[in-house]
$ cat target-v5.csv   # CSV, N, CA and C atoms
chain,number,residue,atom,x,y,z
A,1,MET,N,291.0,141.9,130.3
A,1,MET,CA,290.8,143.0,129.5
A,1,MET,C,290.3,142.6,128.1
A,2,THR,N,289.2,143.1,127.7
A,2,THR,CA,288.7,142.8,126.4
A,2,THR,C,289.0,143.9,125.4
A,3,GLN,N,289.2,143.5,124.2
A,3,GLN,CA,289.5,144.5,123.1
A,3,GLN,C,288.3,144.6,122.2
A,4,LYS,N,287.9,145.8,122.0
A,4,LYS,CA,286.8,146.0,121.0
A,4,LYS,C,287.4,146.1,119.6
A,5,THR,N,286.8,145.4,118.7
A,5,THR,CA,287.3,145.5,117.3
A,5,THR,C,286.4,146.4,116.5
A,6,VAL,N,287.0,147.1,115.7
A,6,VAL,CA,286.2,148.0,114.8
A,6,VAL,C,285.8,147.2,113.5
A,7,ASP,N,284.6,147.4,113.1
A,7,ASP,CA,284.2,146.7,111.9
A,7,ASP,C,284.9,147.3,110.7
A,8,SER,N,285.6,146.5,110.0
A,8,SER,CA,286.2,147.0,108.8
A,8,SER,C,286.0,146.0,107.7
A,9,PRO,N,286.0,146.4,106.5
A,9,PRO,CA,285.8,145.4,105.4
A,9,PRO,C,286.9,144.4,105.5
A,10,SER,N,286.5,143.2,105.3
A,10,SER,CA,287.5,142.1,105.3
A,10,SER,C,288.3,142.2,104.0
A,11,LEU,N,289.5,141.7,104.1
A,11,LEU,CA,290.4,141.8,103.0
A,11,LEU,C,289.9,141.0,101.8
A,12,PRO,N,289.2,139.9,101.9
A,12,PRO,CA,288.7,139.2,100.7
A,12,PRO,C,287.6,140.0,100.0
A,13,GLN,N,286.8,140.7,100.7
A,13,GLN,CA,285.7,141.5,100.1
A,13,GLN,C,286.3,142.7,99.3
A,14,THR,N,287.3,143.3,99.9
A,14,THR,CA,288.0,144.4,99.2
A,14,THR,C,288.7,143.9,98.0
A,15,THR,N,289.3,142.8,98.0
A,15,THR,CA,290.0,142.2,96.9
A,15,THR,C,289.0,141.9,95.8
A,16,VAL,N,287.9,141.3,96.1
A,16,VAL,CA,286.8,141.0,95.1
A,16,VAL,C,286.3,142.3,94.5
A,17,ALA,N,286.1,143.3,95.3
A,17,ALA,CA,285.6,144.6,94.8
A,17,ALA,C,286.6,145.2,93.8
A,18,ASN,N,287.8,145.2,94.2
A,18,ASN,CA,288.9,145.7,93.3
A,18,ASN,C,289.0,145.0,92.0
A,19,SER,N,288.9,143.6,92.1
A,19,SER,CA,288.9,142.8,91.0
A,19,SER,C,287.8,143.1,90.0
A,20,ASP,N,286.6,143.3,90.6
A,20,ASP,CA,285.4,143.6,89.8
A,20,ASP,C,285.6,145.0,89.1
A,21,ASN,N,286.1,146.0,89.8
A,21,ASN,CA,286.4,147.3,89.2
A,21,ASN,C,287.4,147.2,88.1
A,22,ARG,N,288.5,146.4,88.3
A,22,ARG,CA,289.5,146.2,87.2
A,22,ARG,C,288.9,145.6,86.0
A,23,LEU,N,288.0,144.6,86.2
A,23,LEU,CA,287.3,143.9,85.1
A,23,LEU,C,286.4,144.9,84.3
A,24,LEU,N,285.7,145.7,85.1
A,24,LEU,CA,284.8,146.7,84.4
A,24,LEU,C,285.7,147.7,83.6
A,25,VAL,N,286.7,148.2,84.2
A,25,VAL,CA,287.6,149.2,83.5
A,25,VAL,C,288.2,148.5,82.2
A,26,GLN,N,288.6,147.2,82.3
A,26,GLN,CA,289.2,146.5,81.2
A,26,GLN,C,288.1,146.4,80.1
A,27,PHE,N,286.9,146.0,80.5
A,27,PHE,CA,285.8,145.9,79.5
A,27,PHE,C,285.5,147.2,78.8
A,28,VAL,N,285.4,148.3,79.6
A,28,VAL,CA,285.2,149.6,79.0
A,28,VAL,C,286.3,150.0,78.0
A,29,LEU,N,287.5,149.7,78.4
A,29,LEU,CA,288.6,150.0,77.5
A,29,LEU,C,288.6,149.2,76.2
A,30,ALA,N,288.3,147.9,76.4
A,30,ALA,CA,288.2,147.0,75.2
A,30,ALA,C,287.0,147.5,74.3
A,31,ALA,N,285.9,147.8,74.9
A,31,ALA,CA,284.7,148.2,74.1
A,31,ALA,C,285.1,149.5,73.3
A,32,THR,N,285.7,150.4,74.0
A,32,THR,CA,286.1,151.7,73.4
A,32,THR,C,287.1,151.5,72.3
A,33,THR,N,288.0,150.6,72.5
A,33,THR,CA,289.0,150.3,71.4
A,33,THR,C,288.3,149.7,70.2
A,34,ILE,N,287.5,148.8,70.4
A,34,ILE,CA,286.7,148.2,69.3
A,34,ILE,C,285.9,149.2,68.6
A,35,LEU,N,285.2,150.1,69.3
A,35,LEU,CA,284.4,151.1,68.6
A,35,LEU,C,285.3,152.0,67.8
A,36,LEU,N,286.4,152.5,68.4
A,36,LEU,CA,287.3,153.3,67.6
A,36,LEU,C,287.8,152.6,66.4
A,37,CYS,N,288.2,151.4,66.5
A,37,CYS,CA,288.6,150.6,65.3
A,37,CYS,C,287.6,150.6,64.2
A,38,VAL,N,286.3,150.3,64.6
A,38,VAL,CA,285.2,150.2,63.6
A,38,VAL,C,285.0,151.6,62.9
A,39,ILE,N,285.1,152.7,63.7
A,39,ILE,CA,284.9,154.0,63.2
A,39,ILE,C,286.1,154.3,62.2
A,40,LEU,N,287.3,154.0,62.6
A,40,LEU,CA,288.4,154.2,61.7
A,40,LEU,C,288.3,153.4,60.4
A,41,ILE,N,287.9,152.2,60.5
A,41,ILE,CA,287.7,151.3,59.3
A,41,ILE,C,286.7,151.9,58.4
A,42,ILE,N,285.5,152.3,58.9
A,42,ILE,CA,284.5,152.9,58.1
A,42,ILE,C,285.0,154.2,57.5
A,43,TRP,N,285.6,155.1,58.3
A,43,TRP,CA,286.2,156.3,57.7
A,43,TRP,C,287.2,156.0,56.6
A,44,GLY,N,288.1,155.0,56.8
A,44,GLY,CA,289.1,154.7,55.8
A,44,GLY,C,288.5,154.2,54.5
A,45,ILE,N,287.4,153.4,54.6
A,45,ILE,CA,286.7,152.9,53.4
A,45,ILE,C,286.1,154.1,52.7
A,46,HIS,N,285.5,155.0,53.4
A,46,HIS,CA,284.9,156.2,52.8
A,46,HIS,C,285.9,157.0,52.1
A,47,ARG,N,287.1,157.2,52.8
A,47,ARG,CA,288.1,158.0,52.2
A,47,ARG,C,288.7,157.4,50.9
A,48,VAL,N,288.8,156.1,50.9
A,48,VAL,CA,289.3,155.4,49.7
A,48,VAL,C,288.3,155.6,48.6
A,49,GLN,N,287.0,155.4,48.9
A,49,GLN,CA,285.9,155.5,47.9
A,49,GLN,C,285.9,156.9,47.3
A,50,VAL,N,286.0,157.9,48.2
A,50,VAL,CA,285.9,159.3,47.7
A,50,VAL,C,287.2,159.7,47.0
A,51,SER,N,288.3,159.0,47.2
A,51,SER,CA,289.5,159.3,46.4
A,51,SER,C,289.4,158.9,45.0
A,52,ASP,N,288.4,158.1,44.6
A,52,ASP,CA,288.2,157.8,43.2
A,52,ASP,C,287.9,159.1,42.5
A,53,PRO,N,288.7,159.5,41.4
A,53,PRO,CA,288.5,160.8,40.8
A,53,PRO,C,287.1,161.0,40.3
A,54,TYR,N,286.5,160.0,39.7
A,54,TYR,CA,285.1,160.1,39.2
A,54,TYR,C,284.2,160.5,40.3
A,55,VAL,N,284.2,159.7,41.4
A,55,VAL,CA,283.3,159.9,42.5
A,55,VAL,C,283.6,161.3,43.1
A,56,HIS,N,284.8,161.6,43.3
A,56,HIS,CA,285.2,163.0,43.8
A,56,HIS,C,284.6,164.1,43.0
A,57,ASP,N,284.7,164.0,41.6
A,57,ASP,CA,284.2,165.0,40.8
A,57,ASP,C,282.7,165.1,40.8
A,58,VAL,N,282.0,163.9,40.9
A,58,VAL,CA,280.6,163.9,41.0
A,58,VAL,C,280.1,164.6,42.3
A,59,LEU,N,280.8,164.3,43.4
A,59,LEU,CA,280.4,164.9,44.7
A,59,LEU,C,280.7,166.3,44.8
A,60,ALA,N,281.7,166.8,44.0
A,60,ALA,CA,282.1,168.2,43.9
A,60,ALA,C,281.1,169.0,43.0
A,61,SER,N,280.3,168.3,42.2
A,61,SER,CA,279.4,169.0,41.3
A,61,SER,C,278.1,169.3,41.9
A,62,THR,N,277.5,170.3,41.5
A,62,THR,CA,276.1,170.7,41.9
A,62,THR,C,275.1,170.1,40.9
A,63,GLY,N,274.3,169.2,41.4
A,63,GLY,CA,273.3,168.5,40.5
A,63,GLY,C,272.1,169.4,40.3
A,64,ASP,N,271.5,169.1,39.1
A,64,ASP,CA,270.2,169.8,38.8
A,64,ASP,C,269.1,168.7,38.8
A,65,LEU,N,268.1,169.0,39.7
A,65,LEU,CA,267.0,168.0,39.9
A,65,LEU,C,266.3,167.7,38.7
A,66,GLU,N,265.9,168.7,37.9
A,66,GLU,CA,265.1,168.5,36.7
A,66,GLU,C,265.8,167.7,35.7
A,67,ARG,N,267.1,168.0,35.5
A,67,ARG,CA,267.9,167.3,34.5
A,67,ARG,C,268.1,165.8,35.0
A,68,GLY,N,268.3,165.7,36.3
A,68,GLY,CA,268.4,164.3,36.9
A,68,GLY,C,267.1,163.5,36.7
A,69,GLN,N,266.0,164.2,36.8
A,69,GLN,CA,264.7,163.5,36.5
A,69,GLN,C,264.6,163.0,35.1
A,70,GLN,N,265.0,163.9,34.2
A,70,GLN,CA,265.0,163.5,32.7
A,70,GLN,C,265.9,162.3,32.5
A,71,LEU,N,267.1,162.4,33.1
A,71,LEU,CA,268.1,161.3,32.9
A,71,LEU,C,267.5,160.0,33.5
A,72,PHE,N,266.8,160.1,34.6
A,72,PHE,CA,266.2,158.9,35.2
A,72,PHE,C,265.1,158.3,34.3
A,73,TRP,N,264.3,159.2,33.8
A,73,TRP,CA,263.2,158.8,32.9
A,73,TRP,C,263.7,158.1,31.7
A,74,GLN,N,264.8,158.6,31.1
A,74,GLN,CA,265.4,158.1,29.9
A,74,GLN,C,266.1,156.8,30.1
A,75,ASN,N,266.8,156.6,31.3
A,75,ASN,CA,267.7,155.5,31.5
A,75,ASN,C,267.2,154.5,32.5
A,76,CYS,N,266.4,154.9,33.4
A,76,CYS,CA,266.1,154.0,34.6
A,76,CYS,C,264.6,153.7,34.8
A,77,ALA,N,263.8,154.5,34.3
A,77,ALA,CA,262.3,154.4,34.6
A,77,ALA,C,261.7,153.1,34.0
A,78,THR,N,262.3,152.6,32.9
A,78,THR,CA,261.8,151.3,32.4
A,78,THR,C,261.7,150.2,33.4
A,79,CYS,N,262.7,150.1,34.3
A,79,CYS,CA,262.8,149.1,35.3
A,79,CYS,C,262.4,149.6,36.7
A,80,HIS,N,262.6,150.8,37.0
A,80,HIS,CA,262.4,151.3,38.3
A,80,HIS,C,261.1,152.2,38.4
A,81,GLY,N,260.4,152.4,37.3
A,81,GLY,CA,259.2,153.2,37.3
A,81,GLY,C,259.5,154.7,37.3
A,82,LEU,N,258.5,155.4,36.7
A,82,LEU,CA,258.7,156.9,36.6
A,82,LEU,C,259.0,157.6,37.9
A,83,GLU,N,258.4,157.1,39.0
A,83,GLU,CA,258.7,157.7,40.3
A,83,GLU,C,259.6,156.9,41.2
A,84,GLY,N,260.3,155.9,40.6
A,84,GLY,CA,261.2,155.1,41.3
A,84,GLY,C,260.6,154.1,42.3
A,85,THR,N,259.3,153.8,42.0
A,85,THR,CA,258.6,152.9,42.9
A,85,THR,C,258.8,151.4,42.6
A,86,GLY,N,259.6,151.1,41.6
A,86,GLY,CA,259.9,149.7,41.3
A,86,GLY,C,259.0,149.1,40.3
A,87,GLU,N,259.5,148.5,39.3
A,87,GLU,CA,258.8,147.7,38.3
A,87,GLU,C,259.5,146.3,38.3
A,88,VAL,N,260.4,146.2,37.3
A,88,VAL,CA,261.3,145.1,37.2
A,88,VAL,C,262.4,145.3,38.3
A,89,GLY,N,262.9,146.5,38.3
A,89,GLY,CA,264.0,146.8,39.3
A,89,GLY,C,263.4,147.2,40.7
A,90,PRO,N,264.2,147.3,41.7
A,90,PRO,CA,263.8,147.6,43.0
A,90,PRO,C,263.2,149.0,43.2
A,91,ASP,N,262.4,149.1,44.2
A,91,ASP,CA,261.8,150.4,44.6
A,91,ASP,C,263.0,151.3,45.1
A,92,LEU,N,263.1,152.5,44.5
A,92,LEU,CA,264.1,153.4,44.9
A,92,LEU,C,263.6,154.6,45.8
A,93,GLN,N,262.4,154.5,46.2
A,93,GLN,CA,261.9,155.5,47.1
A,93,GLN,C,262.7,155.5,48.4
A,94,HIS,N,263.2,156.6,48.8
A,94,HIS,CA,264.0,156.8,50.0
A,94,HIS,C,265.3,156.0,50.0
A,95,VAL,N,265.8,155.8,48.8
A,95,VAL,CA,267.0,155.0,48.6
A,95,VAL,C,268.2,155.8,49.3
A,96,SER,N,268.2,157.1,49.3
A,96,SER,CA,269.3,157.8,49.9
A,96,SER,C,269.4,157.6,51.4
A,97,GLU,N,268.3,157.1,52.0
A,97,GLU,CA,268.3,156.8,53.5
A,97,GLU,C,269.0,155.4,53.7
A,98,ARG,N,269.0,154.6,52.6
A,98,ARG,CA,269.6,153.3,52.8
A,98,ARG,C,271.0,153.2,52.2
A,99,LYS,N,271.4,154.1,51.3
A,99,LYS,CA,272.7,154.1,50.7
A,99,LYS,C,273.3,155.5,50.7
A,100,SER,N,274.6,155.5,50.9
A,100,SER,CA,275.3,156.8,50.9
A,100,SER,C,275.4,157.3,49.4
A,101,GLN,N,275.8,158.5,49.3
A,101,GLN,CA,276.0,159.0,47.9
A,101,GLN,C,277.1,158.2,47.2
A,102,VAL,N,278.1,157.9,47.8
A,102,VAL,CA,279.2,157.1,47.2
A,102,VAL,C,278.6,155.7,46.8
A,103,ALA,N,277.9,155.1,47.6
A,103,ALA,CA,277.3,153.8,47.3
A,103,ALA,C,276.3,153.9,46.1
A,104,LEU,N,275.5,155.0,46.1
A,104,LEU,CA,274.6,155.2,45.0
A,104,LEU,C,275.4,155.3,43.7
A,105,ILE,N,276.4,156.1,43.7
A,105,ILE,CA,277.2,156.3,42.5
A,105,ILE,C,277.8,155.0,42.0
A,106,GLN,N,278.4,154.2,42.9
A,106,GLN,CA,279.0,152.9,42.6
A,106,GLN,C,278.0,151.9,42.1
A,107,GLN,N,276.8,152.0,42.7
A,107,GLN,CA,275.7,151.1,42.2
A,107,GLN,C,275.3,151.4,40.8
A,108,VAL,N,275.3,152.6,40.4
A,108,VAL,CA,274.9,153.0,39.1
A,108,VAL,C,276.0,152.6,38.1
A,109,ILE,N,277.2,152.9,38.4
A,109,ILE,CA,278.3,152.7,37.4
A,109,ILE,C,278.9,151.3,37.4
A,110,SER,N,278.6,150.5,38.4
A,110,SER,CA,279.3,149.2,38.5
A,110,SER,C,278.9,148.1,37.5
A,111,GLY,N,277.6,148.0,37.3
A,111,GLY,CA,277.0,147.0,36.5
A,111,GLY,C,277.1,145.6,37.2
A,112,LYS,N,277.3,145.6,38.5
A,112,LYS,CA,277.4,144.4,39.3
A,112,LYS,C,276.1,143.8,39.8
A,113,THR,N,275.0,144.4,39.4
A,113,THR,CA,273.7,143.9,39.8
A,113,THR,C,272.8,143.7,38.6
A,114,PRO,N,273.1,142.6,37.9
A,114,PRO,CA,272.2,142.3,36.7
A,114,PRO,C,270.8,142.2,37.1
A,115,PRO,N,269.9,142.5,36.3
A,115,PRO,CA,270.0,142.9,34.9
A,115,PRO,C,270.4,144.4,34.7
A,116,MET,N,270.7,145.1,35.7
A,116,MET,CA,271.0,146.5,35.6
A,116,MET,C,272.3,146.6,34.8
A,117,PRO,N,272.3,147.4,33.7
A,117,PRO,CA,273.5,147.5,32.9
A,117,PRO,C,274.5,148.4,33.5
A,118,GLN,N,275.7,148.3,33.1
A,118,GLN,CA,276.8,149.2,33.5
A,118,GLN,C,276.4,150.6,32.8
A,119,PHE,N,276.5,151.6,33.6
A,119,PHE,CA,276.0,152.9,33.1
A,119,PHE,C,277.0,153.9,33.7
A,120,GLN,N,277.8,154.6,32.9
A,120,GLN,CA,278.7,155.6,33.4
A,120,GLN,C,278.5,156.9,32.7
A,121,PRO,N,277.6,157.7,33.3
A,121,PRO,CA,277.3,159.0,32.7
A,121,PRO,C,278.5,159.9,33.0
A,122,ASN,N,278.6,161.0,32.3
A,122,ASN,CA,279.6,162.0,32.7
A,122,ASN,C,279.4,162.5,34.1
A,123,THR,N,280.3,163.2,34.7
A,123,THR,CA,280.2,163.6,36.1
A,123,THR,C,279.0,164.5,36.4
A,124,GLN,N,278.7,165.4,35.5
A,124,GLN,CA,277.6,166.3,35.7
A,124,GLN,C,276.3,165.6,35.6
A,125,ASP,N,276.2,164.7,34.6
A,125,ASP,CA,274.9,163.9,34.5
A,125,ASP,C,274.7,163.0,35.8
A,126,MET,N,275.8,162.4,36.3
A,126,MET,CA,275.7,161.6,37.5
A,126,MET,C,275.4,162.5,38.7
A,127,ALA,N,275.9,163.7,38.8
A,127,ALA,CA,275.5,164.6,39.9
A,127,ALA,C,274.0,164.9,39.8
A,128,ASP,N,273.5,165.1,38.6
A,128,ASP,CA,272.1,165.4,38.4
A,128,ASP,C,271.3,164.2,38.8
A,129,LEU,N,271.7,163.1,38.3
A,129,LEU,CA,270.9,161.8,38.7
A,129,LEU,C,270.9,161.6,40.2
A,130,LEU,N,272.1,161.8,40.8
A,130,LEU,CA,272.2,161.7,42.3
A,130,LEU,C,271.2,162.6,43.0
A,131,VAL,N,271.1,163.8,42.6
A,131,VAL,CA,270.2,164.7,43.2
A,131,VAL,C,268.7,164.2,43.1
A,132,PHE,N,268.4,163.7,41.9
A,132,PHE,CA,267.1,163.2,41.7
A,132,PHE,C,266.8,161.9,42.6
A,133,LEU,N,267.8,161.0,42.7
A,133,LEU,CA,267.6,159.8,43.5
A,133,LEU,C,267.5,160.2,45.0
A,134,GLU,N,268.1,161.3,45.4
A,134,GLU,CA,268.0,161.7,46.8
A,134,GLU,C,266.6,162.4,47.0
A,135,SER,N,265.9,162.8,46.0
A,135,SER,CA,264.6,163.4,46.1
A,135,SER,C,263.5,162.4,46.2
A,136,LEU,N,263.8,161.2,45.8
A,136,LEU,CA,262.7,160.1,45.8
A,136,LEU,C,262.3,159.8,47.2

$ encode --input "target-v5.csv" --output "structure tokens"
Amino acid sequence: MTQKTVDSPSLPQTTVANSDNRLLVQFVLAATTILLCVILIIWGIHRVQVSDPYVHDVLASTGDLERGQQLFWQNCATCHGLEGTGEVGPDLQHVSERKSQVALIQQVISGKTPPMPQFQPNTQDMADLLVFLESL
């Protein structure tokens, strides 16, 4: 009497497939964890920067474009040009696409990029200047 065997996946192939699935799940979980950590770090840095009272007050203020342009012409145009296209200083066209509002404020007030002097306008003037920089 002969016995017919039914084709079934062999145990080693099933084990390999399960192992591959576990590795894929572990990879996805690790990638998700890393992504969440990066997002939380960026969010935390932003929260710390915005918690600066000066930055907070500037961001809470409504800027005036014309006044911002006047401030730019008086304080910045010598190096950055009347339209922010760069002379001695860098081109500021579309600078708001490259830097956040907080980063722009800190760039202006820090004095950490010589030859740009440290410049700390009052909060309303900074809000006005920020609106102008965003319009470039």

$ atom_distance --input "target-v5.csv" --atom1 "atom C of Thr85 of chain A" --atom2 "atom N of Leu136 of chain A"
11.5 Å

$ atom_distance --input "target-v5.csv" --atom1 "atom N of Val131 of chain A" --atom2 "atom C of Ile41 of chain A"
25.2 Å

$ atom_distance --input "target-v5.csv" --atom1 "atom C of Gln107 of chain A" --atom2 "atom C of Gln120 of chain A"
10.3 Å

$ residues_around --input "target-v5.csv" --residues "Leu133 of chain A" --least-positions-apart "4" --cutoff "7 Å" --atoms "all atoms listed in the file" --output "list in words"
Gly68, Gln69, Leu92, His94, Val95, Ser96, Asp128 and Leu129 of chain A

$ select_by_dssp --input "target-v5.csv" --residues "chain A" --states "helix (DSSP H, G or I)" --output "PyMOL selection string"
chain A and resi 11-50+53-60+65-75+77-80+95-98+101-110+123-135

$ residues_around --input "target-v5.csv" --residues "Ala127 of chain A" --least-positions-apart "5" --cutoff "6.5 Å" --atoms "all atoms listed in the file" --output "PyMOL selection string"
chain A and resi 58-59+61-64+68+122+132

$ closest_residue --input "target-v5.csv" --among "A:Ala31, A:Ala60, A:Arg22, A:Leu40" --to "Met126 of chain A" --atoms "only C-alpha atoms"
A:Ala60

$ residues_near_point --input "target-v5.csv" --point "(261.5, 145.0, 34.0)" --cutoff "6.5 Å" --atoms "all atoms listed in the file" --output "list of chain:residue names"
A:Thr78, A:Cys79, A:Glu87, A:Val88, A:Gly89

$ residues_near_point --input "target-v5.csv" --point "(276.8, 153.7, 32.8)" --cutoff "10 Å" --atoms "only C-alpha atoms" --output "MDAnalysis selection string"
chainID A and resid 75 107:111 116:122 126

$ closest_residue --input "target-v5.csv" --among "A:Thr33, A:Gln106, A:Ser135, A:Thr123" --to "Gln93 of chain A" --atoms "only C-alpha atoms"
A:Ser135

$ closest_residue --input "target-v5.csv" --among "A:Gln74, A:Gln13, A:Ser51, A:Gln124" --to "Val102 of chain A" --atoms "only C-alpha atoms"
A:Ser51
